[in-house]
Amino acid sequence: MKRTIGSIVGMLLAGMALHSTATLAEPPTPPKSDVLNNFGFPLGFDVSKMDLGADPRQDFHRYAAGKWLDKATLPGDLGNLDAIGLVNKQVDRQVATLLIDAAAASPSAKKGTPLQQVGDLYAAGMDVARLTALGSTPLQPEWDRIAKIDGPKSLAEELARLALLTNHPVFVDVSVMQGLKDPTKYVVAASDPDLALPAREDYLAADLAPVRTAYMQTITDSLVLAGVPAEQAKARAAKVLAIETRIAGKRLTEEQKRDFNATYQTRPYAEIKAALGNMDLDAYFQALGLPTGVDLLVTEVDALKERGAVLAEYPLADIKDYLQWEVLRLMSPYLSPAFVAAQAPLTRALTGQAEMPQREKVVAGSVAHGVGHALGQLYVERYFSAQSRADAEAVLTNVRAELRQRLEQNTWLTAPTKSYALEKFDKIKIVVGYPDQWIDYSAVDVRRDDYYGSSTRLNEFSRRRMLSRLGTPPAPDRFADPDHTLPTIVNAGYSPDMNGIEIPAAILQPPFYDPKADAAVNYCTLGAVIGHELTHSLDSFGRLFDANGALRDWWAPADVAAFDERSKNLIAQADAYEVVPGVHLNGQLSSGENLADLGGVMLGYSALQTHLKANPEDARKIDGFTPQQRCFLSWAQLWAEKARPELLRMHAATDPHPPGLYRMVAPVINHPGFYDAFGIRAGDKMWLEPKDRVSMW
Ligand SMILES: [Zn+2]
């Protein structure tokens, strides 16, 4: 359910989010592209971004956002730029200010408080002179321990230690997660850890050889920096790639991953233990404080078994080389900045970015990874008002009421399904802004003069916190899982396993929510985003989970058939769209997100109509546009995007979210109100035959 671009610096998000994370980067000095000023445009909806010379009936993209698309340019440190990227820049600036202030105040702050921990961790990460002098020496004890591995038991103990040290699975992924079939309990889960390259095709596809070459370069450069002779480093890089390519061949495709019933299964402990014969699974579990012999919830089991085969077939010396690279890769953000710089060839190959993020941005990412809730607390105190929370909740209530009414009037679900859909819908828990309860890191020693040590202690705290949940009642709030979301993340997400939605504080800013904007704009931006997330509770993925978050399909075959019939035109529309020359959108992969966008626009628009009936004084033109026109225009401006072809190519293969240029218009042309609002008729380029339009909720 997680998505990242190869480095733990990027925060990880739930799969049902509004948007996947692109590489985030914030240079503190103004970049050449003037991105910090949004190229002279306001952040929120604005007529100045439109090209009024274009004809909305022929080219709605240009009409809605042509001036912005003309002026916006990508800074070298970004693979793409859209409203989420712009708000990310805004949040980065807010967080940067907060971190600088915290670092100035932390020496006199009480030990263990959010201010002390955030400020000292940031100051430690920014102490480039000290980190450069240390080079890779903080990692040396770990490399020495890996070198001493002499059999299955010491291998297992070292792998457990590395999982704690990095707060990341190393070679095997054993975690404690909420039961899928019984969400009232946590269970022990086993999986194959994500590989360094984000997509399995990065290892396997012939045309992606440049990505692999860049990865080898990054491995080689990093190992050389850590003191490995160049020839040896090159040979090790080839070995790493060979091992990972073998494993990638056994990993699930993106489409397969969405089929939870097929890909998550409970298997006996003994089966996994046998598959990983050259690693002592008992010793691994004991080292992590987990009970041995319990049934395991497994996914990516074929790839995990392939790891077992790798352990059996490769000489131990090769496995040690591999682990030394893995720990170096995962710990590079905590070493000298040269190690982050060594990732440049890979980042460039994956995203097209020419520049690596500035140090300030890398450290801010590590602070969020280490003490995300302490940072979130400081952020909310400073930047999030009670008024924003109340306003968002008001929009949310109205959009929610709209969908409930539509469900009551639904004509294509069978009666039992419809009745359960309403029950599930009423149980959706929505958290706006920040968690009900903050994580307390005060027991961890965070020191201004010890970046590596402070970070590894925080990693161990977070890993143990996750593992120690076994036997406790699950928290009903995704914010309780800081690897999934944080108040400082610009996104929103529906979590089917919790039947809950989180709307982090950071997204409640223009253009997603603008306290100064008219109702039409807020309903078709924030309202549509909330509608998008609400429909995820009912779509082909959400329906696999019941009202309590248990993996239990509550649809009848007739409901599935009706749903598939209604979505098939949307899949065909997406399949026909060429993302970059020769690469088409994957209609099946993106259908959940496309349906959610369609639902979001429908619900935002309808909630707006209801609002206008109750508040007729708002049903007036502003800047010469009716509320209905402003609704579609503000949605389209929200998704206007500049993107590099490399990133578009990668996302087309792996990301269920279609590119922004597609999202701007795809839901809109399925909406009857769009044709009325702009007088679009048969024969116009924006015209879609009524028989080809899709309506789900
Ligand atoms: Zn979504």
# chains A, B, ... in the order shown; residues from 1 in each chain; ligands from 1

call {"tool": "select_by_dssp", "arguments": {"residues": "region 246-355 of chain A", "states": "strand (DSSP E)", "output": "NGL selection string"}}
result
:A and (265-267 or 296-298)

call {"tool": "write_last_selection", "arguments": {"atoms": "all heavy atoms", "output": "JSON list (two decimals), in the first residue's frame"}}
result
[["chain", "number", "residue", "atom", "x", "y", "z"],
["A", 265, "GLN", "N", -2.60, -13.66, 2.10],
["A", 265, "GLN", "CA", -3.10, -14.94, 2.59],
["A", 265, "GLN", "C", -2.47, -15.27, 3.93],
["A", 265, "GLN", "O", -1.33, -14.87, 4.19],
["A", 265, "GLN", "CB", -2.75, -16.06, 1.61],
["A", 265, "GLN", "CG", -3.54, -15.97, 0.32],
["A", 265, "GLN", "CD", -2.91, -16.76, -0.80],
["A", 265, "GLN", "OE1", -1.90, -17.44, -0.61],
["A", 265, "GLN", "NE2", -3.49, -16.65, -1.97],
["A", 266, "THR", "N", -3.20, -16.01, 4.74],
["A", 266, "THR", "CA", -2.63, -16.48, 6.00],
["A", 266, "THR", "C", -1.92, -17.81, 5.72],
["A", 266, "THR", "O", -2.51, -18.71, 5.13],
["A", 266, "THR", "CB", -3.74, -16.65, 7.05],
["A", 266, "THR", "OG1", -4.34, -15.36, 7.23],
["A", 266, "THR", "CG2", -3.17, -17.13, 8.37],
["A", 267, "ARG", "N", -0.66, -17.88, 6.11],
["A", 267, "ARG", "CA", 0.12, -19.10, 5.87],
["A", 267, "ARG", "C", 0.75, -19.53, 7.19],
["A", 267, "ARG", "O", 1.05, -18.70, 8.04],
["A", 267, "ARG", "CB", 1.25, -18.83, 4.86],
["A", 267, "ARG", "CG", 0.79, -18.44, 3.48],
["A", 267, "ARG", "CD", 0.46, -19.66, 2.63],
["A", 267, "ARG", "NE", 0.00, -19.29, 1.31],
["A", 267, "ARG", "CZ", 0.77, -19.21, 0.22],
["A", 267, "ARG", "NH1", 2.06, -19.45, 0.30],
["A", 267, "ARG", "NH2", 0.26, -18.88, -0.94],
["A", 296, "LEU", "N", 1.05, -16.46, 9.86],
["A", 296, "LEU", "CA", 1.53, -15.18, 9.32],
["A", 296, "LEU", "C", 0.62, -14.72, 8.19],
["A", 296, "LEU", "O", 0.19, -15.53, 7.35],
["A", 296, "LEU", "CB", 2.95, -15.35, 8.78],
["A", 296, "LEU", "CG", 4.00, -15.80, 9.80],
["A", 296, "LEU", "CD1", 5.33, -16.08, 9.11],
["A", 296, "LEU", "CD2", 4.18, -14.75, 10.90],
["A", 297, "LEU", "N", 0.35, -13.43, 8.18],
["A", 297, "LEU", "CA", -0.36, -12.82, 7.05],
["A", 297, "LEU", "C", 0.71, -12.48, 6.01],
["A", 297, "LEU", "O", 1.58, -11.66, 6.28],
["A", 297, "LEU", "CB", -1.09, -11.56, 7.51],
["A", 297, "LEU", "CG", -1.91, -10.84, 6.45],
["A", 297, "LEU", "CD1", -3.06, -11.71, 5.95],
["A", 297, "LEU", "CD2", -2.46, -9.53, 7.01],
["A", 298, "VAL", "N", 0.67, -13.14, 4.87],
["A", 298, "VAL", "CA", 1.76, -12.94, 3.92],
["A", 298, "VAL", "C", 1.27, -12.30, 2.63],
["A", 298, "VAL", "O", 0.13, -12.50, 2.20],
["A", 298, "VAL", "CB", 2.49, -14.27, 3.57],
["A", 298, "VAL", "CG1", 3.11, -14.87, 4.80],
["A", 298, "VAL", "CG2", 1.57, -15.25, 2.89]]

call {"tool": "residues_around", "arguments": {"residues": "Gln405 (chain A)", "least_positions_apart": "6", "cutoff": "12 Å", "atoms": "only C-alpha atoms", "output": "VMD selection string"}}
result
chain A and resid 398 to 399 418 421 to 422 425 to 426 603 606 to 607 610 697

call {"tool": "select_by_dssp", "arguments": {"residues": "region 490-619 of chain A", "states": "helix (DSSP H, G or I)", "output": "PyMOL selection string"}}
result
chain A and resi 505-507+519-524+526-536+542-544+557-575+587-614+616-618

call {"tool": "residues_near_ligand", "arguments": {"ligand": "ligand 1", "cutoff": "12 Å", "atoms": "only C-alpha atoms and all ligand atoms", "output": "VMD selection string"}}
result
chain A and resid 13 to 20 491 to 496 501 528 to 539 541 to 542 589 to 600 655 to 658 663

call {"tool": "closest_residue", "arguments": {"among": "A:Ala519, A:Leu78, A:Gln343, A:Thr113", "to": "Ile622 (chain A)", "atoms": "only C-alpha atoms"}}
result
A:Ala519

call {"tool": "atom_distance", "arguments": {"atom1": "CA of Asn167 (chain A)", "atom2": "CA of Glu460 (chain A)"}}
result
6.2 Å

call {"tool": "closest_residue", "arguments": {"among": "A:Pro268, A:Pro198, A:Gly44, A:Gly372", "to": "Leu638 (chain A)", "atoms": "only C-alpha atoms"}}
result
A:Gly44

call {"tool": "atom_distance", "arguments": {"atom1": "CA of Leu335 (chain A)", "atom2": "CA of Phe285 (chain A)"}}
result
28.9 Å

call {"tool": "closest_residue", "arguments": {"among": "A:Thr220, A:Ser634, A:Ser106, A:Ser442", "to": "Val521 (chain A)", "atoms": "only C-alpha atoms"}}
result
A:Ser634

call {"tool": "closest_residue", "arguments": {"among": "A:Leu396, A:Ala102, A:Ala443, A:Ile243", "to": "Tyr314 (chain A)", "atoms": "only C-alpha atoms"}}
result
A:Ile243

call {"tool": "closest_residue", "arguments": {"among": "A:Ser191, A:Thr245, A:Thr654, A:Ser385", "to": "Ala505 (chain A)", "atoms": "only C-alpha atoms"}}
result
A:Ser385

call {"tool": "residues_around", "arguments": {"residues": "Phe60 (chain A)", "least_positions_apart": "2", "cutoff": "9 Å", "atoms": "only C-alpha atoms", "output": "PyMOL selection string"}}
result
chain A and resi 54-58+62-66+633+636+664-665+686

call {"tool": "write_last_selection", "arguments": {"atoms": "N, CA and C atoms", "output": "PDB file, in the first residue's frame"}}
result
ATOM      1  N   ALA A  54      -8.794  31.169 -25.881  1.00  0.00           N
ATOM      2  CA  ALA A  54      -9.101  29.801 -26.321  1.00  0.00           C
ATOM      3  C   ALA A  54     -10.612  29.578 -26.242  1.00  0.00           C
ATOM      4  N   ASP A  55     -11.072  28.572 -26.963  1.00  0.00           N
ATOM      5  CA  ASP A  55     -12.498  28.259 -26.973  1.00  0.00           C
ATOM      6  C   ASP A  55     -12.732  27.060 -26.047  1.00  0.00           C
ATOM      7  N   PRO A  56     -13.518  27.254 -24.975  1.00  0.00           N
ATOM      8  CA  PRO A  56     -13.711  26.132 -24.027  1.00  0.00           C
ATOM      9  C   PRO A  56     -14.344  24.916 -24.690  1.00  0.00           C
ATOM     10  N   ARG A  57     -15.035  25.136 -25.801  1.00  0.00           N
ATOM     11  CA  ARG A  57     -15.711  24.005 -26.457  1.00  0.00           C
ATOM     12  C   ARG A  57     -14.738  23.153 -27.268  1.00  0.00           C
ATOM     13  N   GLN A  58     -13.577  23.734 -27.586  1.00  0.00           N
ATOM     14  CA  GLN A  58     -12.594  23.002 -28.398  1.00  0.00           C
ATOM     15  C   GLN A  58     -11.387  22.565 -27.568  1.00  0.00           C
ATOM     16  N   ARG A  62      -6.631  24.550 -22.355  1.00  0.00           N
ATOM     17  CA  ARG A  62      -6.058  25.886 -22.556  1.00  0.00           C
ATOM     18  C   ARG A  62      -6.962  26.957 -21.961  1.00  0.00           C
ATOM     19  N   TYR A  63      -8.243  26.800 -22.179  1.00  0.00           N
ATOM     20  CA  TYR A  63      -9.175  27.807 -21.679  1.00  0.00           C
ATOM     21  C   TYR A  63      -9.046  27.930 -20.151  1.00  0.00           C
ATOM     22  N   ALA A  64      -8.994  26.813 -19.473  1.00  0.00           N
ATOM     23  CA  ALA A  64      -9.012  26.828 -18.005  1.00  0.00           C
ATOM     24  C   ALA A  64      -7.673  27.258 -17.409  1.00  0.00           C
ATOM     25  N   ALA A  65      -6.572  26.888 -18.061  1.00  0.00           N
ATOM     26  CA  ALA A  65      -5.273  27.106 -17.409  1.00  0.00           C
ATOM     27  C   ALA A  65      -4.156  27.417 -18.402  1.00  0.00           C
ATOM     28  N   GLY A  66      -4.509  27.877 -19.590  1.00  0.00           N
ATOM     29  CA  GLY A  66      -3.508  28.085 -20.651  1.00  0.00           C
ATOM     30  C   GLY A  66      -2.400  29.052 -20.276  1.00  0.00           C
ATOM     31  N   LEU A 633     -14.005  25.111 -13.924  1.00  0.00           N
ATOM     32  CA  LEU A 633     -12.727  25.791 -14.150  1.00  0.00           C
ATOM     33  C   LEU A 633     -11.788  25.593 -12.964  1.00  0.00           C
ATOM     34  N   ALA A 636     -10.343  22.117 -13.031  1.00  0.00           N
ATOM     35  CA  ALA A 636      -9.313  21.968 -14.075  1.00  0.00           C
ATOM     36  C   ALA A 636      -8.017  22.676 -13.656  1.00  0.00           C
ATOM     37  N   MET A 664      -7.530  16.952 -15.356  1.00  0.00           N
ATOM     38  CA  MET A 664      -8.171  18.261 -15.554  1.00  0.00           C
ATOM     39  C   MET A 664      -9.523  18.130 -16.236  1.00  0.00           C
ATOM     40  N   VAL A 665      -9.562  17.243 -17.231  1.00  0.00           N
ATOM     41  CA  VAL A 665     -10.704  17.223 -18.139  1.00  0.00           C
ATOM     42  C   VAL A 665     -11.475  15.906 -18.108  1.00  0.00           C
ATOM     43  N   MET A 686     -14.597  19.040 -27.469  1.00  0.00           N
ATOM     44  CA  MET A 686     -14.799  18.582 -26.097  1.00  0.00           C
ATOM     45  C   MET A 686     -16.052  17.705 -25.950  1.00  0.00           C
TER      46      MET A 686
END

call {"tool": "atom_distance", "arguments": {"atom1": "CA of Ala189 (chain A)", "atom2": "CA of Val172 (chain A)"}}
result
10.7 Å

call {"tool": "closest_residue", "arguments": {"among": "A:Ala214, A:Ile428, A:Leu328, A:Leu86", "to": "Trp639 (chain A)", "atoms": "only C-alpha atoms"}}
result
A:Leu86

call {"tool": "residues_around", "arguments": {"residues": "Asp144 (chain A)", "least_positions_apart": "2", "cutoff": "12 Å", "atoms": "only C-alpha atoms", "output": "list in words"}}
result
Thr137, Pro138, Leu139, Gln140, Pro141, Glu142, Ile146, Ala147, Lys148, Ile149, Glu158, Lys320, Asp321, Leu323, Gln324 and Val327 of chain A

call {"tool": "write_last_selection", "arguments": {"atoms": "N, CA, C and O atoms", "output": "short mmCIF file (atom, residue, chain, number, x, y, z; two decimals), in the first residue's frame"}}
result
data_model
loop_
_atom_site.label_atom_id
_atom_site.label_comp_id
_atom_site.auth_asym_id
_atom_site.auth_seq_id
_atom_site.Cartn_x
_atom_site.Cartn_y
_atom_site.Cartn_z
N THR A 137 32.03 6.80 8.67
CA THR A 137 32.45 6.11 9.90
C THR A 137 31.29 5.70 10.81
O THR A 137 31.37 4.64 11.44
N PRO A 138 30.18 6.47 10.90
CA PRO A 138 29.10 5.98 11.78
C PRO A 138 28.57 4.61 11.35
O PRO A 138 28.06 3.85 12.17
N LEU A 139 28.72 4.31 10.06
CA LEU A 139 28.20 3.05 9.54
C LEU A 139 29.16 1.88 9.75
O LEU A 139 28.77 0.72 9.67
N GLN A 140 30.43 2.20 10.04
CA GLN A 140 31.46 1.15 10.07
C GLN A 140 31.13 0.01 11.03
O GLN A 140 31.28 -1.17 10.66
N PRO A 141 30.66 0.30 12.26
CA PRO A 141 30.34 -0.82 13.16
C PRO A 141 29.32 -1.78 12.55
O PRO A 141 29.41 -3.00 12.73
N GLU A 142 28.38 -1.23 11.77
CA GLU A 142 27.36 -2.08 11.17
C GLU A 142 27.96 -2.95 10.08
O GLU A 142 27.64 -4.13 9.94
N ILE A 146 28.10 -7.03 9.91
CA ILE A 146 27.67 -7.81 8.74
C ILE A 146 28.81 -8.74 8.30
O ILE A 146 28.59 -9.91 7.98
N ALA A 147 30.03 -8.20 8.31
CA ALA A 147 31.18 -9.01 7.87
C ALA A 147 31.37 -10.24 8.75
O ALA A 147 31.92 -11.25 8.32
N LYS A 148 30.92 -10.17 10.00
CA LYS A 148 31.12 -11.30 10.93
C LYS A 148 30.00 -12.34 10.86
O LYS A 148 30.06 -13.35 11.57
N ILE A 149 28.97 -12.11 10.05
CA ILE A 149 27.88 -13.10 9.95
C ILE A 149 28.49 -14.44 9.54
O ILE A 149 29.27 -14.52 8.59
N GLU A 158 21.33 -10.22 12.72
CA GLU A 158 21.77 -8.96 12.10
C GLU A 158 20.63 -8.33 11.28
O GLU A 158 20.46 -7.12 11.30
N LYS A 320 26.60 -10.92 2.22
CA LYS A 320 27.15 -9.85 3.08
C LYS A 320 27.38 -8.58 2.28
O LYS A 320 27.08 -7.48 2.75
N ASP A 321 27.89 -8.72 1.08
CA ASP A 321 28.08 -7.54 0.22
C ASP A 321 26.73 -6.87 -0.04
O ASP A 321 26.61 -5.64 -0.01
N LEU A 323 24.03 -6.96 1.82
CA LEU A 323 23.51 -6.30 3.03
C LEU A 323 24.27 -5.02 3.34
O LEU A 323 23.68 -4.04 3.79
N GLN A 324 25.56 -5.02 3.08
CA GLN A 324 26.32 -3.78 3.31
C GLN A 324 25.79 -2.67 2.41
O GLN A 324 25.68 -1.52 2.83
N VAL A 327 22.23 -1.46 3.81
CA VAL A 327 22.27 -0.59 4.98
C VAL A 327 22.86 0.77 4.61
O VAL A 327 22.41 1.81 5.08
#
